[in-house]
Every structure is written in structure tokens, then in C-alpha cells.
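S.K.: Structure supplied as upload.cif; contents: mmCIF, C-alpha atoms.
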```
data_work
loop_
_atom_site.group_PDB
_atom_site.id
_atom_site.type_symbol
_atom_site.label_atom_id
_atom_site.label_comp_id
_atom_site.auth_asym_id
_atom_site.auth_seq_id
_atom_site.Cartn_x
_atom_site.Cartn_y
_atom_site.Cartn_z
ATOM 1 C CA MET A 18 -8.988 20.769 -5.263
ATOM 2 C CA HIS A 19 -8.782 21.084 -9.049
ATOM 3 C CA ILE A 20 -5.974 19.006 -10.576
ATOM 4 C CA ARG A 21 -4.777 18.115 -14.066
ATOM 5 C CA PHE A 22 -3.909 14.556 -15.006
ATOM 6 C CA THR A 23 -2.901 12.329 -17.893
ATOM 7 C CA LYS A 24 -4.510 8.928 -18.417
ATOM 8 C CA MET A 25 -2.037 6.305 -19.717
ATOM 9 C CA GLN A 26 -1.880 2.564 -20.249
ATOM 10 C CA GLY A 27 0.834 -0.040 -20.685
ATOM 11 C CA ALA A 28 -0.403 -3.378 -22.051
ATOM 12 C CA GLY A 29 -3.847 -2.527 -20.671
ATOM 13 C CA ASN A 30 -2.614 -1.754 -17.150
ATOM 14 C CA ASP A 31 -4.035 1.769 -16.785
ATOM 15 C CA PHE A 32 -2.827 4.754 -14.795
ATOM 16 C CA VAL A 33 -3.598 8.297 -13.774
ATOM 17 C CA VAL A 34 -0.344 10.273 -13.952
ATOM 18 C CA LEU A 35 0.176 13.402 -11.827
ATOM 19 C CA ASP A 36 2.933 16.018 -12.140
ATOM 20 C CA GLU A 37 4.350 17.136 -8.788
ATOM 21 C CA THR A 38 7.625 18.498 -10.145
ATOM 22 C CA GLN A 39 6.534 22.039 -9.252
ATOM 23 C CA GLY A 40 5.034 21.224 -5.850
ATOM 24 C CA ARG A 41 3.232 18.545 -3.879
ATOM 25 C CA LEU A 42 -0.515 18.143 -4.200
ATOM 26 C CA GLY A 43 -0.734 16.613 -0.732
ATOM 27 C CA LEU A 44 -3.371 14.046 -1.638
ATOM 28 C CA THR A 45 -4.761 11.762 1.045
ATOM 29 C CA THR A 46 -5.334 8.018 0.790
ATOM 30 C CA ALA A 47 -9.032 8.680 0.232
ATOM 31 C CA GLN A 48 -8.292 11.166 -2.565
ATOM 32 C CA TYR A 49 -6.034 8.678 -4.385
ATOM 33 C CA ARG A 50 -8.826 6.137 -4.019
ATOM 34 C CA PHE A 51 -11.287 8.672 -5.493
ATOM 35 C CA LEU A 52 -9.076 9.277 -8.549
ATOM 36 C CA ALA A 53 -8.812 5.532 -9.188
ATOM 37 C CA ASP A 54 -12.561 4.940 -8.829
ATOM 38 C CA ARG A 55 -14.033 4.008 -12.215
ATOM 39 C CA HIS A 56 -17.483 5.356 -11.367
ATOM 40 C CA PHE A 57 -16.816 8.592 -9.469
ATOM 41 C CA GLY A 58 -13.220 9.475 -10.419
ATOM 42 C CA VAL A 59 -11.029 8.990 -13.481
ATOM 43 C CA GLY A 60 -10.504 5.247 -13.138
ATOM 44 C CA ALA A 61 -7.147 3.474 -12.929
ATOM 45 C CA ASP A 62 -5.273 0.481 -11.576
ATOM 46 C CA GLN A 63 -2.658 2.814 -10.068
ATOM 47 C CA ILE A 64 -1.923 6.509 -9.585
ATOM 48 C CA LEU A 65 1.601 7.502 -10.697
ATOM 49 C CA THR A 66 3.253 10.664 -9.423
ATOM 50 C CA VAL A 67 6.261 12.403 -10.990
ATOM 51 C CA ARG A 68 8.443 14.248 -8.482
ATOM 52 C CA PRO A 69 11.781 16.105 -8.826
ATOM 53 C CA SER A 70 15.118 14.385 -8.436
ATOM 54 C CA PRO A 71 15.788 13.686 -4.748
ATOM 55 C CA ALA A 72 19.561 13.173 -5.154
ATOM 56 C CA PRO A 73 22.481 13.640 -7.564
ATOM 57 C CA GLY A 74 22.606 11.039 -10.333
ATOM 58 C CA LEU A 75 18.816 10.697 -10.444
ATOM 59 C CA ASP A 76 16.437 12.388 -12.866
ATOM 60 C CA PHE A 77 13.133 12.005 -11.002
ATOM 61 C CA GLU A 78 11.310 10.326 -8.143
ATOM 62 C CA TYR A 79 8.477 7.930 -9.037
ATOM 63 C CA VAL A 80 5.671 7.300 -6.514
ATOM 64 C CA ILE A 81 2.893 4.712 -6.953
ATOM 65 C CA HIS A 82 -0.470 4.388 -5.208
ATOM 66 C CA ASN A 83 -2.778 1.433 -5.793
ATOM 67 C CA ALA A 84 -6.486 1.746 -6.516
ATOM 68 C CA ASP A 85 -7.181 1.244 -2.796
ATOM 69 C CA GLY A 86 -5.150 4.388 -2.037
ATOM 70 C CA GLY A 87 -2.177 2.635 -0.456
ATOM 71 C CA GLU A 88 1.363 3.433 -1.560
ATOM 72 C CA VAL A 89 3.273 0.509 -3.073
ATOM 73 C CA GLU A 90 6.887 -0.221 -3.875
ATOM 74 C CA HIS A 91 6.970 -0.747 -7.625
ATOM 75 C CA CYS A 92 4.952 -0.981 -10.844
ATOM 76 C CA GLY A 93 6.717 -2.071 -14.012
ATOM 77 C CA ASN A 94 4.021 -1.134 -16.531
ATOM 78 C CA GLY A 95 3.727 2.194 -14.771
ATOM 79 C CA ALA A 96 7.473 2.730 -15.052
ATOM 80 C CA ARG A 97 7.228 2.504 -18.834
ATOM 81 C CA CYS A 98 4.399 5.037 -18.847
ATOM 82 C CA PHE A 99 6.462 7.209 -16.519
ATOM 83 C CA VAL A 100 9.338 7.623 -18.983
ATOM 84 C CA ARG A 101 7.006 8.314 -21.903
ATOM 85 C CA TYR A 102 5.188 10.923 -19.799
ATOM 86 C CA VAL A 103 8.314 12.870 -18.785
ATOM 87 C CA ARG A 104 9.532 12.912 -22.383
ATOM 88 C CA ASP A 105 6.157 13.845 -23.895
ATOM 89 C CA LYS A 106 5.756 16.660 -21.342
ATOM 90 C CA GLY A 107 9.224 18.064 -22.031
ATOM 91 C CA LEU A 108 10.408 17.349 -18.493
ATOM 92 C CA THR A 109 13.491 15.672 -20.010
ATOM 93 C CA ASP A 110 14.963 15.049 -23.450
ATOM 94 C CA LYS A 111 16.983 12.033 -22.322
ATOM 95 C CA SER A 112 16.227 8.643 -23.853
ATOM 96 C CA THR A 113 17.470 6.950 -20.662
ATOM 97 C CA VAL A 114 16.518 8.184 -17.191
ATOM 98 C CA ARG A 115 17.201 6.984 -13.665
ATOM 99 C CA VAL A 116 14.462 7.378 -11.076
ATOM 100 C CA LYS A 117 14.005 6.725 -7.379
ATOM 101 C CA VAL A 118 11.294 4.296 -6.335
ATOM 102 C CA GLN A 119 10.270 3.395 -2.808
ATOM 103 C CA GLN A 120 12.923 0.708 -2.328
ATOM 104 C CA GLY A 121 15.755 1.733 -4.642
ATOM 105 C CA GLU A 122 16.470 3.056 -8.118
ATOM 106 C CA ILE A 123 15.532 1.886 -11.624
ATOM 107 C CA GLU A 124 16.670 2.800 -15.133
ATOM 108 C CA LEU A 125 14.201 3.401 -17.976
ATOM 109 C CA ARG A 126 15.061 3.512 -21.699
ATOM 110 C CA MET A 127 12.933 4.689 -24.621
ATOM 111 C CA ASN A 128 13.575 2.511 -27.687
ATOM 112 C CA PRO A 129 13.450 3.680 -31.330
ATOM 113 C CA ASP A 130 10.377 1.467 -31.955
ATOM 114 C CA GLY A 131 8.411 3.354 -29.289
ATOM 115 C CA ARG A 132 8.530 0.558 -26.743
ATOM 116 C CA VAL A 133 10.202 1.159 -23.393
ATOM 117 C CA THR A 134 12.788 -1.014 -21.636
ATOM 118 C CA VAL A 135 12.954 -0.912 -17.845
ATOM 119 C CA ASP A 136 15.898 -2.202 -15.825
ATOM 120 C CA MET A 137 13.860 -3.601 -12.950
ATOM 121 C CA GLY A 138 16.892 -4.455 -10.826
ATOM 122 C CA ALA A 139 17.822 -7.874 -9.507
ATOM 123 C CA PRO A 140 15.128 -10.150 -8.058
ATOM 124 C CA VAL A 141 15.015 -10.556 -4.300
ATOM 125 C CA PHE A 142 14.825 -14.050 -2.818
ATOM 126 C CA GLU A 143 15.598 -13.430 0.870
ATOM 127 C CA TRP A 144 12.378 -14.114 2.770
ATOM 128 C CA GLU A 145 12.707 -11.218 5.195
ATOM 129 C CA ARG A 146 13.097 -8.769 2.310
ATOM 130 C CA VAL A 147 10.109 -10.045 0.292
ATOM 131 C CA PRO A 148 8.670 -10.170 3.078
ATOM 132 C CA PHE A 149 7.594 -13.810 3.491
ATOM 133 C CA ASN A 150 7.308 -16.086 6.525
ATOM 134 C CA PRO A 151 7.460 -19.768 5.495
ATOM 135 C CA ILE A 152 7.170 -21.183 9.028
ATOM 136 C CA GLY A 153 4.607 -23.970 9.093
ATOM 137 C CA LEU A 154 4.344 -24.308 5.300
ATOM 138 C CA ILE A 155 5.055 -27.541 3.435
ATOM 139 C CA SER A 156 7.927 -26.952 1.003
ATOM 140 C CA ASP A 157 9.737 -28.778 -1.773
ATOM 141 C CA GLN A 158 12.625 -28.164 -4.158
ATOM 142 C CA VAL A 159 12.225 -27.771 -7.924
ATOM 143 C CA ASN A 160 15.535 -27.546 -9.776
ATOM 144 C CA GLY A 161 17.135 -26.656 -6.434
ATOM 145 C CA TRP A 162 14.725 -23.757 -5.762
ATOM 146 C CA PRO A 163 12.240 -23.884 -2.867
ATOM 147 C CA VAL A 164 8.505 -23.806 -3.542
ATOM 148 C CA PHE A 165 5.777 -23.649 -0.923
ATOM 149 C CA ASP A 166 2.252 -24.981 -0.499
ATOM 150 C CA LEU A 167 -0.343 -22.407 0.542
ATOM 151 C CA ALA A 168 -3.513 -23.901 2.014
ATOM 152 C CA LEU A 169 -6.571 -22.165 0.519
ATOM 153 C CA GLY A 170 -9.392 -23.967 2.310
ATOM 154 C CA ASP A 171 -12.021 -25.352 -0.053
ATOM 155 C CA LEU A 172 -9.906 -24.217 -3.027
ATOM 156 C CA GLY A 173 -7.128 -26.647 -2.148
ATOM 157 C CA ILE A 174 -3.397 -25.952 -2.295
ATOM 158 C CA ALA A 175 -1.466 -23.370 -4.298
ATOM 159 C CA ARG A 176 2.181 -24.359 -4.836
ATOM 160 C CA VAL A 177 4.076 -21.090 -5.302
ATOM 161 C CA GLY A 178 7.520 -19.736 -5.885
ATOM 162 C CA VAL A 179 8.159 -16.552 -3.921
ATOM 163 C CA VAL A 180 10.173 -13.589 -5.201
ATOM 164 C CA SER A 181 10.191 -9.815 -4.885
ATOM 165 C CA MET A 182 10.651 -7.450 -7.824
ATOM 166 C CA GLY A 183 10.530 -4.464 -5.493
ATOM 167 C CA ASN A 184 7.111 -5.753 -4.436
ATOM 168 C CA PRO A 185 6.189 -9.294 -3.322
ATOM 169 C CA HIS A 186 4.962 -12.017 -5.695
ATOM 170 C CA ALA A 187 3.764 -15.589 -5.274
ATOM 171 C CA VAL A 188 3.784 -17.393 -8.631
ATOM 172 C CA GLN A 189 2.158 -20.739 -9.372
ATOM 173 C CA ARG A 190 2.155 -22.773 -12.567
ATOM 174 C CA VAL A 191 -1.287 -23.683 -13.925
ATOM 175 C CA ASP A 192 -2.405 -25.745 -16.922
ATOM 176 C CA ASN A 193 -4.734 -23.129 -18.403
ATOM 177 C CA VAL A 194 -4.902 -19.496 -17.251
ATOM 178 C CA ASP A 195 -8.200 -18.935 -19.063
ATOM 179 C CA THR A 196 -10.106 -21.540 -17.050
ATOM 180 C CA PHE A 197 -8.197 -21.396 -13.755
ATOM 181 C CA PRO A 198 -10.141 -19.847 -10.801
ATOM 182 C CA VAL A 199 -7.935 -16.753 -10.593
ATOM 183 C CA LEU A 200 -10.630 -14.525 -9.099
ATOM 184 C CA ALA A 201 -11.369 -17.086 -6.373
ATOM 185 C CA GLN A 202 -7.784 -17.974 -5.450
ATOM 186 C CA GLY A 203 -6.346 -14.479 -5.943
ATOM 187 C CA PRO A 204 -7.749 -12.806 -2.810
ATOM 188 C CA LEU A 205 -6.873 -15.834 -0.656
ATOM 189 C CA ILE A 206 -3.251 -15.801 -1.797
ATOM 190 C CA GLU A 207 -3.033 -11.999 -1.575
ATOM 191 C CA ASN A 208 -4.089 -12.072 2.077
ATOM 192 C CA HIS A 209 -2.387 -15.321 3.142
ATOM 193 C CA GLN A 210 -0.827 -15.057 6.599
ATOM 194 C CA ALA A 211 2.607 -16.011 5.218
ATOM 195 C CA PHE A 212 2.841 -12.540 3.628
ATOM 196 C CA PRO A 213 2.799 -9.772 6.269
ATOM 197 C CA ASN A 214 2.460 -7.022 3.638
ATOM 198 C CA ARG A 215 0.120 -9.076 1.423
ATOM 199 C CA VAL A 216 1.307 -10.365 -1.960
ATOM 200 C CA ASN A 217 0.621 -10.234 -5.703
ATOM 201 C CA ALA A 218 -0.654 -13.614 -6.939
ATOM 202 C CA GLY A 219 0.652 -14.780 -10.320
ATOM 203 C CA PHE A 220 -0.875 -17.584 -12.421
ATOM 204 C CA MET A 221 1.486 -18.796 -15.163
ATOM 205 C CA GLN A 222 0.795 -21.133 -18.074
ATOM 206 C CA ILE A 223 3.930 -22.261 -19.921
ATOM 207 C CA VAL A 224 3.445 -22.423 -23.694
ATOM 208 C CA SER A 225 7.110 -23.033 -24.569
ATOM 209 C CA ARG A 226 10.542 -22.252 -23.128
ATOM 210 C CA SER A 227 10.276 -18.750 -24.606
ATOM 211 C CA GLN A 228 6.570 -17.989 -24.155
ATOM 212 C CA ILE A 229 4.101 -17.974 -21.263
ATOM 213 C CA LYS A 230 0.572 -16.773 -20.605
ATOM 214 C CA LEU A 231 0.027 -14.885 -17.372
ATOM 215 C CA ARG A 232 -2.754 -13.531 -15.192
ATOM 216 C CA VAL A 233 -2.005 -11.556 -12.030
ATOM 217 C CA PHE A 234 -4.284 -10.727 -9.107
ATOM 218 C CA GLU A 235 -2.613 -7.581 -7.822
ATOM 219 C CA ARG A 236 -2.420 -6.599 -4.193
ATOM 220 C CA GLY A 237 -4.822 -3.718 -3.598
ATOM 221 C CA ALA A 238 -6.084 -3.631 -7.205
ATOM 222 C CA GLY A 239 -7.524 -7.047 -8.065
ATOM 223 C CA GLU A 240 -6.872 -8.696 -11.427
ATOM 224 C CA THR A 241 -5.388 -6.284 -13.964
ATOM 225 C CA LEU A 242 -4.927 -6.639 -17.725
ATOM 226 C CA ALA A 243 -1.161 -6.733 -17.216
ATOM 227 C CA CYS A 244 1.349 -6.514 -14.383
ATOM 228 C CA GLY A 245 4.952 -5.632 -15.206
ATOM 229 C CA THR A 246 6.542 -6.752 -11.956
ATOM 230 C CA GLY A 247 4.296 -9.828 -12.099
ATOM 231 C CA ALA A 248 5.636 -10.702 -15.561
ATOM 232 C CA CYS A 249 9.189 -10.312 -14.280
ATOM 233 C CA ALA A 250 8.475 -12.441 -11.205
ATOM 234 C CA ALA A 251 6.828 -15.177 -13.273
ATOM 235 C CA VAL A 252 9.764 -15.420 -15.686
ATOM 236 C CA VAL A 253 12.266 -15.440 -12.824
ATOM 237 C CA ALA A 254 10.283 -18.197 -11.093
ATOM 238 C CA GLY A 255 10.097 -20.169 -14.331
ATOM 239 C CA ILE A 256 13.818 -19.853 -14.996
ATOM 240 C CA ARG A 257 14.712 -20.815 -11.430
ATOM 241 C CA GLN A 258 12.603 -23.970 -11.757
ATOM 242 C CA GLY A 259 14.236 -24.889 -15.072
ATOM 243 C CA TRP A 260 11.189 -24.353 -17.279
ATOM 244 C CA LEU A 261 12.146 -21.213 -19.240
ATOM 245 C CA ASP A 262 14.991 -19.714 -21.253
ATOM 246 C CA SER A 263 16.568 -16.334 -20.522
ATOM 247 C CA ARG A 264 14.292 -14.344 -22.870
ATOM 248 C CA VAL A 265 10.536 -14.861 -22.638
ATOM 249 C CA ASP A 266 7.493 -13.241 -24.233
ATOM 250 C CA VAL A 267 4.735 -12.911 -21.651
ATOM 251 C CA GLN A 268 1.204 -12.851 -23.063
ATOM 252 C CA THR A 269 -1.171 -10.933 -20.814
ATOM 253 C CA HIS A 270 -4.775 -9.962 -21.483
ATOM 254 C CA GLY A 271 -3.504 -6.467 -22.310
ATOM 255 C CA GLY A 272 -0.614 -7.360 -24.616
ATOM 256 C CA VAL A 273 2.876 -8.843 -24.794
ATOM 257 C CA LEU A 274 5.773 -7.986 -22.498
ATOM 258 C CA THR A 275 9.297 -9.232 -23.196
ATOM 259 C CA ILE A 276 11.291 -10.226 -20.105
ATOM 260 C CA GLU A 277 15.019 -11.023 -20.010
ATOM 261 C CA TRP A 278 17.032 -12.417 -17.073
ATOM 262 C CA ALA A 279 20.487 -14.021 -17.177
ATOM 263 C CA GLY A 280 19.686 -16.292 -14.227
ATOM 264 C CA GLN A 281 22.283 -15.093 -11.722
ATOM 265 C CA ALA A 282 20.931 -13.787 -8.416
ATOM 266 C CA ASP A 283 22.536 -10.363 -8.933
ATOM 267 C CA SER A 284 21.541 -10.052 -12.624
ATOM 268 C CA PRO A 285 18.975 -7.339 -13.411
ATOM 269 C CA VAL A 286 15.635 -8.217 -14.967
ATOM 270 C CA LEU A 287 14.886 -6.273 -18.165
ATOM 271 C CA MET A 288 11.301 -5.653 -19.233
ATOM 272 C CA THR A 289 10.290 -4.239 -22.631
ATOM 273 C CA GLY A 290 6.757 -3.283 -23.603
ATOM 274 C CA PRO A 291 4.384 -0.551 -24.788
ATOM 275 C CA ALA A 292 3.417 2.709 -23.086
ATOM 276 C CA THR A 293 0.600 4.869 -24.460
ATOM 277 C CA SER A 294 -1.069 8.159 -23.538
ATOM 278 C CA VAL A 295 -4.854 7.830 -23.668
ATOM 279 C CA PHE A 296 -6.159 11.311 -22.841
ATOM 280 C CA GLU A 297 -5.605 14.370 -20.668
ATOM 281 C CA GLY A 298 -8.057 16.144 -18.435
ATOM 282 C CA SER A 299 -8.759 17.845 -15.149
ATOM 283 C CA ILE A 300 -10.955 16.910 -12.229
ATOM 284 C CA ASP A 301 -12.238 18.405 -9.002
ATOM 285 C CA VAL A 302 -11.115 16.234 -6.119
ATOM 286 C CA PRO A 303 -13.201 16.681 -2.958
ATOM 287 C CA ASP A 304 -11.250 18.071 -0.003
ATOM 288 C CA THR A 305 -12.919 15.592 2.340
ATOM 289 C CA LEU A 306 -14.046 12.096 1.508
#
```
Here is the file; what I need is its structure written in the form of C-alpha cells.
M.R.:
Amino acid sequence: MHIRFTKMQGAGNDFVVLDETQGRLGLTTAQYRFLADRHFGVGADQILTVRPSPAPGLDFEYVIHNADGGEVEHCGNGARCFVRYVRDKGLTDKSTVRVKVQQGEIELRMNPDGRVTVDMGAPVFEWERVPFNPIGLISDQVNGWPVFDLALGDLGIARVGVVSMGNPHAVQRVDNVDTFPVLAQGPLIENHQAFPNRVNAGFMQIVSRSQIKLRVFERGAGETLACGTGACAAVVAGIRQGWLDSRVDVQTHGGVLTIEWAGQADSPVLMTGPATSVFEGSIDVPDTL
């Protein structure tokens, strides 16, 4: 199968973007995995697919597959690339679009400075919706919000706040993200039995009430240069525990994302950051892998 693609990145989180507005490509899990492979395919953290509007009031459908080929619920950095893609390709001339994602709808806005703001929706704290099973875990309260201790064997205990931003996140505060054993702890947290659908592991260093440093070990992708939903989850966790103000700059290895949350459970989280096209191309995808 010969397909065209666009390579994009948002704060270093990189994507292969596919246009299915004129028809489905019908790619398999193995074929998505091939596209994401940095040696044999194009190379990407996620594959983003643009599909036609599935319902009135929506402009498009937005589908995300991780580098391991599995479909996932949400990707904030990808959402910013999504809106730049549909505008650059002439698929819409709107500066604000609404799109369907796996578990709801999100609104995306192109700003005059070229950055993109995404209304990520309200955070989810109900355990069954994350999903998260805290039975058997030691827990505590920080500023009235529950945190949980995850046993990681020889690597000790990770004390995490749990929240979903359309996909599940476990966020812990660390003293120094540069020296913390992210690559060792990340897979253990991702696959911890308390998370039936696995989880994204966030490692947050607080610089001030309006600035943090963040590394994220993403479910199905490993550590990425930036994670949009991870930045949102970290700021929400920090605000809930009383450490952060309502507007926070998140420094990732790939760049800065600005996250805003009013602090009420039903308040949407707003994320603003860059979205850049890198190159376009075409590739032959094997029919069987």
C-alpha cells in the first residue's frame, strides 16, 4: 500500500499525520507500528488520523495510535498539530474547530502568534473512569486530595496523584527531573496492576508556583520529548495538592507548554503550545507484517 503522510511535531513530540477524509486506509496494528518505527518506517511517537465529521456540530474526527500500534484516547500535542494540519491542507478555514476523540469532544484554536490552544476538557478523578483500582494501596491526603503509594520493588515507592485527561496519568513530584530514574521507574508505573489499561507516568519538578519541569514516560511509546495530556495532568495534580497557581509554564525537553486550570472539577484545562510541519512524503507500507 502506497500512502502519503505529513511529519509534524509539537514541542518535540513527533507525529505521522494521515488524511482519511476521502476514505479509510484500513491500516492494521502492525502497519501503524511500521509507520512509527524509526528504522524501517517514518518514525513517530504517535500516528494521527484525520477523518470526516461524524456528527452535526463537529468539524472532524481525530484518531490516535501509539508507536506500539494500539489506539489511545487522547494526545494533546497531537491535537495542536491536528488543527494546524487541517488548516494548512485547506480542509477548513476556521480558526476554531471541534473534533471527536475516542472519549468525547475537544475544541482547538489557532492563535495569531502561531501557537495553538486546545480545550482539553475537564479532568477526570473518578477511579473507575481513569481507570484505576486503589484497593490494597497505601494512601494519604495532600491538601484534601488523595495520593497513593505504588510499590516498585527495588526502586522503592512512587507516591502519585491519579487523574485522567482523556487518558490515564499517574503523577509524582520529584526533586530533580534530570537525575531522577525516569527510564527505570517509568515502565514499572506504566504496567502497575492498579491500572487495568496501563498508565502514563509523569515526573514533575516544581520550580515555582507558575513553572514546573516535566518528563513523561508514555504508555506504549516510552519517554517522549513532550506530552500534552501529561503536562495537563501534572498541573492539575499540582494545583489539587496546593503547590501551583492556575496558570503554569511546563518546561519539557521539547519546549514550553502553557497550561491553565481554574481548579474546579468541571473546569476545562487549556493547553497552549507550538505545532510545526516538518516534511511531507510517501511510503510503501507492506500489506503483511
S.K.: Check the smallest atom-to-atom distance from each of A:Leu200, A:Val114, A:Val141, A:Ala238 to A:Asn83 using only C-alpha atoms, then report the winner.
M.R.: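 Closest residue, counting only C-alpha atoms: A:Ala238.
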S.K.: Output the residue selection produced by the PyMOL selection byres ((chain A and resi 30-44) around 6) on the file above, formatted as a PDB file with C-alpha atoms, keeping the file's coordinate frame.
M.R.:
```pdb
ATOM      1  CA  PHE A  22      -3.909  14.556 -15.006  1.00  0.00           C
ATOM      2  CA  THR A  23      -2.901  12.329 -17.893  1.00  0.00           C
ATOM      3  CA  LYS A  24      -4.510   8.928 -18.417  1.00  0.00           C
ATOM      4  CA  MET A  25      -2.037   6.305 -19.717  1.00  0.00           C
ATOM      5  CA  GLN A  26      -1.880   2.564 -20.249  1.00  0.00           C
ATOM      6  CA  GLY A  27       0.834  -0.040 -20.685  1.00  0.00           C
ATOM      7  CA  ALA A  28      -0.403  -3.378 -22.051  1.00  0.00           C
ATOM      8  CA  GLY A  29      -3.847  -2.527 -20.671  1.00  0.00           C
ATOM      9  CA  THR A  45      -4.761  11.762   1.045  1.00  0.00           C
ATOM     10  CA  GLN A  48      -8.292  11.166  -2.565  1.00  0.00           C
ATOM     11  CA  ALA A  61      -7.147   3.474 -12.929  1.00  0.00           C
ATOM     12  CA  ASP A  62      -5.273   0.481 -11.576  1.00  0.00           C
ATOM     13  CA  GLN A  63      -2.658   2.814 -10.068  1.00  0.00           C
ATOM     14  CA  ILE A  64      -1.923   6.509  -9.585  1.00  0.00           C
ATOM     15  CA  LEU A  65       1.601   7.502 -10.697  1.00  0.00           C
ATOM     16  CA  THR A  66       3.253  10.664  -9.423  1.00  0.00           C
ATOM     17  CA  VAL A  67       6.261  12.403 -10.990  1.00  0.00           C
ATOM     18  CA  ARG A  68       8.443  14.248  -8.482  1.00  0.00           C
ATOM     19  CA  PRO A  69      11.781  16.105  -8.826  1.00  0.00           C
ATOM     20  CA  LEU A 242      -4.927  -6.639 -17.725  1.00  0.00           C
ATOM     21  CA  ALA A 243      -1.161  -6.733 -17.216  1.00  0.00           C
TER      22      ALA A 243
END
```
S.K.: Any chance you could work out the residue set of the PyMOL selection byres ((chain A and resi 81) around 9) here, as a list of chain:residue names?
M.R.: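 On the file shown, the PyMOL selection byres ((chain A and resi 81) around 9) covers A:Gln63, A:Ile64, A:Leu65, A:Thr66, A:Tyr79, A:Val80, A:His82, A:Asn83, A:Gly87, A:Glu88, A:Val89, A:Glu90, A:His91, A:Cys92, A:Gly95, A:Val118, A:Gln119.
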S.K.: If we count only C-alpha atoms, what is near A:Val191 at a cut-off of 10 Å, once residues fewer than 5 positions away on the same chain are taken out, given as a PDB file with C-alpha atoms, keeping the file's coordinate frame?
M.R.:
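Saved result, around-v9.pdb, follows:
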```pdb
ATOM      1  CA  ALA A 175      -1.466 -23.370  -4.298  1.00  0.00           C
ATOM      2  CA  ARG A 176       2.181 -24.359  -4.836  1.00  0.00           C
ATOM      3  CA  THR A 196     -10.106 -21.540 -17.050  1.00  0.00           C
ATOM      4  CA  PHE A 197      -8.197 -21.396 -13.755  1.00  0.00           C
ATOM      5  CA  GLY A 219       0.652 -14.780 -10.320  1.00  0.00           C
ATOM      6  CA  PHE A 220      -0.875 -17.584 -12.421  1.00  0.00           C
ATOM      7  CA  MET A 221       1.486 -18.796 -15.163  1.00  0.00           C
ATOM      8  CA  GLN A 222       0.795 -21.133 -18.074  1.00  0.00           C
ATOM      9  CA  ILE A 223       3.930 -22.261 -19.921  1.00  0.00           C
ATOM     10  CA  LYS A 230       0.572 -16.773 -20.605  1.00  0.00           C
ATOM     11  CA  LEU A 231       0.027 -14.885 -17.372  1.00  0.00           C
TER      12      LEU A 231
END
```
S.K.: Using only C-alpha atoms, which of the listed residues (A:Asp304, A:Glu297, A:Glu145, A:Glu235) sits closest to A:Arg21?
M.R.: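 Selected residue with least distance to A:Arg21: A:Glu297.
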S.K.: Using all atoms listed in the file, pick whichever of A:Asn160, A:Gln202, A:Thr289, A:Ser299 has the shortest atom-to-atom distance to A:Ala96.
M.R.: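 Closest to A:Ala96, using all atoms listed in the file: A:Thr289.
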S.K.: For this structure, which residues satisfy the selection - the PyMOL selection byres ((chain A and resi 188) around 9) - when it is evaluated on the file as given? I want them as a count of residues only.
M.R.: 20
S.K.: Quick check, in Å to one decimal: how far apart do atom CA of A:Asp301 and atom CA of A:Arg50 lie?
M.R.: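 These two atoms are separated by 13.7 Å.
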S.K.: How would you write as an NGL selection string the residues that get within 9 Å of (18.1, -3.9, -7.3) in the file's frame, counting only C-alpha atoms?
M.R.: :A and (120-123 or 136-141 or 182-183 or 283-285)
S.K.: Counting all atoms listed in the file, which residues have an atom no more than 7 Å from (12.0, -1.8, -23.9) in the file's coordinates? Please list them as a list in words.
M.R.: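 Every polymer residue passing the test: Arg126, Met127, Asn128, Arg132, Val133, Thr134, Val135, Met288, Thr289 and Gly290 of chain A.
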S.K.: Counting all atoms listed in the file, which of A:Leu154, A:Ala84, A:Val116, A:Val147 gets nearest to A:Asn214?
M.R.: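 Nearest candidate to A:Asn214 out of A:Leu154, A:Ala84, A:Val116, A:Val147: A:Val147.
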S.K.: If you measure from atom CA of A:Leu287 to atom CA of A:Val216, what distance in Å do you get, rounded to one decimal?
M.R.: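 Going from atom CA of A:Leu287 over to atom CA of A:Val216, I get 21.5 Å.
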S.K.: Do you have the atom CA of A:Val252-atom CA of A:Glu277 distance handy?
M.R.: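 Straight-line distance from atom CA of A:Val252 to atom CA of A:Glu277 works out to 8.1 Å.
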S.K.: Would you write out, as a Markdown table, a table of all residues in stretch 163-272 of chain A that have an atom no more than 9 Å from an atom of stretch 150-153 of chain A, listing for each the closest atom pair and the distance in Å to one decimal, considering all atoms listed in the file and ordering rows by chain and rising residue number?
M.R.:
```
| residue | atom | partner | partner_atom | distance |
| --- | --- | --- | --- | --- |
| A:Phe165 | CA | A:Pro151 | CA | 7.7 |
| A:Gln210 | CA | A:Asn150 | CA | 8.2 |
| A:Ala211 | CA | A:Asn150 | CA | 4.9 |
| A:Phe212 | CA | A:Asn150 | CA | 6.4 |
| A:Pro213 | CA | A:Asn150 | CA | 7.8 |
```
S.K.: May I have the residues within 10 Å of A:Ala201 as a JSON list (two decimals) with C-alpha atoms, in the frame of the given file, using all atoms listed in the file and disregarding those fewer than 5 positions away in the same chain?
M.R.:
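Written out: part_23.json:
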```
[["chain", "number", "residue", "atom", "x", "y", "z"],
["A", 169, "LEU", "CA", -6.57, -22.16, 0.52],
["A", 172, "LEU", "CA", -9.91, -24.22, -3.03],
["A", 206, "ILE", "CA", -3.25, -15.80, -1.80],
["A", 234, "PHE", "CA", -4.28, -10.73, -9.11]]
```
S.K.: Counting only C-alpha atoms, which of A:Asp157, A:Asp166, A:Gly298, A:Gly93 gets nearest to A:Ile20?
M.R.: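 Smallest separation from A:Ile20 among the options: A:Gly298.
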S.K.: I'd like to know which of A:Leu108, A:Leu125, A:Val100, A:Val265 is closest to A:Ala292, using all atoms listed in the file.
M.R.: A:Val100
